[in-house]
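Report on the structure given below.
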Amino acid sequence: MTAALAVIFAGVLHATWNAIAKGATDRLASFGLIALGQALLMVPLLPFVGPPAPAAWPYLASSVAVHMLYMWLLLKSYELGDFSQVYPLARGSAPLLVAAVAALALNERLSWSQSAGVAAVSGGLVVLAFAGTRRPTATSGRGALRTVSAGRDGGAVAEGHGSGRDPRAVVAALLTGATIAAYTMLDGIGVREAEGAASYTVWLFGIEGPATAAAVWAIRGRDVIAGLDRRQWGLGLTGGVLAMAGYGIVLWAQTRGALASVAALRETGVISGAIIGAVVFSERMGARRIVAACVVAAGVVLITAH
């Protein structure tokens, strides 16, 4: 139960740093600052933490590459869709993929209640993603499309360009979910081969952080930090700390439980994401989304039942 509660808390941390990235005026700069925060904290620790066991390195190196692809897809997803659409869809699709691959490749077998829990969590998150529709309205400014939420969730809230139900946002979110499943599997195996979650975590972020920051610098050069104020720096670096803390907890939990269960429990952070979407981004919560959140909670109970 301790590991389960820790993973649920990790989900809250994950939703928080994703909200920081989504809400940033310059999202590419925000992702760069998140990566920089990881680098500043982890790189100095590398000399004091022994490297993971040799068997873990293929998984760690592959995970770094997949994490960088994940960050790029997540960035595109947030450019195209609402936080309350993209976040649950990306996170909700991952547990089912992890459960399927873990069963086939690692021979992990979930009990009937855990399997039902994984299905409930994933199904509830998908409903959270698609509850409510958008319909186009008039344009404003330089032709930017504006939309309103309509129908099932009730009410109407104007949204700016990139906030509608863009089919490309769904595709980007599903691809993001695929990368989440991929790095979850890679890290789940790698951390077990590493013979220590702390070592694997430090080396993962110690490599990924500088690599991602360098990629952002290569794309935008010095312009990426031009004009950033103290608040933006603070939020970006804080996001990096939250990302590391949350995923470090997940890596530790993966040494103690089935990968599919850990992956599903982590995605309960989408409930926090729904609250953040309503409070911070003024995205309307309706009856369908509330019911879906309850289904997710029920799934958590099933997953943690013994």
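A note on labels: chains of the structure tokens are A, B, ... as shown, every chain counts residues from 1, and ligands are counted from 1 in their shown order.
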Give me the residues near Thr25 (chain A) as a ChimeraX atom specification, where near means some atom within 12 Å (using only C-alpha atoms) and where sequence neighbours in that chain fewer than 4 positions away do not count. /A:19-21,29-31,78-79,224,227-229,231-233,235-236
Let's have the selection written as an mmCIF file, in the first residue's frame, with C-alpha atoms.
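Now in result-v4.cif:
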data_model
loop_
_atom_site.group_PDB
_atom_site.id
_atom_site.type_symbol
_atom_site.label_atom_id
_atom_site.label_comp_id
_atom_site.auth_asym_id
_atom_site.auth_seq_id
_atom_site.Cartn_x
_atom_site.Cartn_y
_atom_site.Cartn_z
ATOM 1 C CA ALA A 19 0.258 22.105 -16.255
ATOM 2 C CA ILE A 20 3.328 24.327 -15.871
ATOM 3 C CA ALA A 21 4.465 23.321 -19.367
ATOM 4 C CA ALA A 29 11.470 27.496 -23.529
ATOM 5 C CA SER A 30 9.506 25.928 -20.666
ATOM 6 C CA PHE A 31 10.511 22.416 -21.731
ATOM 7 C CA TYR A 78 -0.293 21.023 -26.043
ATOM 8 C CA GLU A 79 0.000 23.286 -29.066
ATOM 9 C CA VAL A 224 15.096 30.512 -26.325
ATOM 10 C CA GLY A 227 12.886 37.755 -22.551
ATOM 11 C CA LEU A 228 12.221 35.140 -19.874
ATOM 12 C CA ASP A 229 11.461 36.798 -16.554
ATOM 13 C CA ARG A 231 8.784 33.937 -12.710
ATOM 14 C CA GLN A 232 9.195 31.922 -15.932
ATOM 15 C CA TRP A 233 12.628 30.737 -14.831
ATOM 16 C CA LEU A 235 8.289 27.842 -12.865
ATOM 17 C CA GLY A 236 10.391 26.037 -15.478
#
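Using only C-alpha atoms, the contacts of Trp17 (chain A) at a cut-off of 9 Å, with sequence neighbours closer than 5 positions omitted, comprise Val12, Lys22, Ile34, Leu235, Gly236, Thr238, Gly239, Gly240, Val241, Leu242 and Ala243 of chain A.
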In region 71-300 of chain A, DSSP helix (DSSP H, G or I) residues written as a ChimeraX atom specification: /A:71-80,83-105,112-130,151-153,167-193,197-225,230-254,259-266,269-279,287-300
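Summary of the local environment: counting only C-alpha atoms, residues at most 10 Å from Val171 (chain A), other than itself and those fewer than 2 positions away along its chain, are Leu73, Ser77, Val86, Leu89, Ala90, Asp166, Pro167, Arg168, Ala169, Ala173, Leu174, Leu175, Thr176 and Gly177 of chain A.
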Please save N, CA and C atoms of the selected residues as an mmCIF file, in the first residue's frame.
data_model
loop_
_atom_site.group_PDB
_atom_site.id
_atom_site.type_symbol
_atom_site.label_atom_id
_atom_site.label_comp_id
_atom_site.auth_asym_id
_atom_site.auth_seq_id
_atom_site.Cartn_x
_atom_site.Cartn_y
_atom_site.Cartn_z
ATOM 1 N N LEU A 73 6.562 15.246 -28.690
ATOM 2 C CA LEU A 73 5.155 14.952 -28.977
ATOM 3 C C LEU A 73 4.232 15.634 -27.971
ATOM 4 N N SER A 77 1.304 18.226 -28.758
ATOM 5 C CA SER A 77 -0.048 17.961 -28.267
ATOM 6 C C SER A 77 -0.626 19.189 -27.583
ATOM 7 N N VAL A 86 -5.924 16.531 -24.019
ATOM 8 C CA VAL A 86 -4.657 15.898 -24.371
ATOM 9 C C VAL A 86 -4.078 15.092 -23.213
ATOM 10 N N LEU A 89 -5.925 11.737 -22.430
ATOM 11 C CA LEU A 89 -5.857 10.807 -23.548
ATOM 12 C C LEU A 89 -4.469 10.194 -23.654
ATOM 13 N N ALA A 90 -3.440 11.018 -23.514
ATOM 14 C CA ALA A 90 -2.072 10.497 -23.572
ATOM 15 C C ALA A 90 -1.804 9.552 -22.410
ATOM 16 N N ASP A 166 -9.207 19.479 -32.252
ATOM 17 C CA ASP A 166 -8.440 19.267 -33.469
ATOM 18 C C ASP A 166 -8.070 17.787 -33.559
ATOM 19 N N PRO A 167 -8.430 17.098 -34.657
ATOM 20 C CA PRO A 167 -8.067 15.679 -34.785
ATOM 21 C C PRO A 167 -6.570 15.439 -34.656
ATOM 22 N N ARG A 168 -5.773 16.416 -35.053
ATOM 23 C CA ARG A 168 -4.324 16.260 -34.920
ATOM 24 C C ARG A 168 -3.907 16.188 -33.462
ATOM 25 N N ALA A 169 -4.658 16.847 -32.580
ATOM 26 C CA ALA A 169 -4.357 16.781 -31.156
ATOM 27 C C ALA A 169 -4.566 15.366 -30.633
ATOM 28 N N ALA A 173 -1.683 13.091 -29.136
ATOM 29 C CA ALA A 173 -1.827 12.569 -27.778
ATOM 30 C C ALA A 173 -1.673 11.049 -27.743
ATOM 31 N N LEU A 174 -2.241 10.364 -28.735
ATOM 32 C CA LEU A 174 -2.108 8.903 -28.782
ATOM 33 C C LEU A 174 -0.661 8.489 -29.029
ATOM 34 N N LEU A 175 0.033 9.224 -29.899
ATOM 35 C CA LEU A 175 1.452 8.941 -30.115
ATOM 36 C C LEU A 175 2.250 9.210 -28.843
ATOM 37 N N THR A 176 1.861 10.261 -28.115
ATOM 38 C CA THR A 176 2.502 10.532 -26.824
ATOM 39 C C THR A 176 2.272 9.366 -25.872
ATOM 40 N N GLY A 177 1.051 8.836 -25.863
ATOM 41 C CA GLY A 177 0.760 7.678 -25.023
ATOM 42 C C GLY A 177 1.605 6.473 -25.387
#
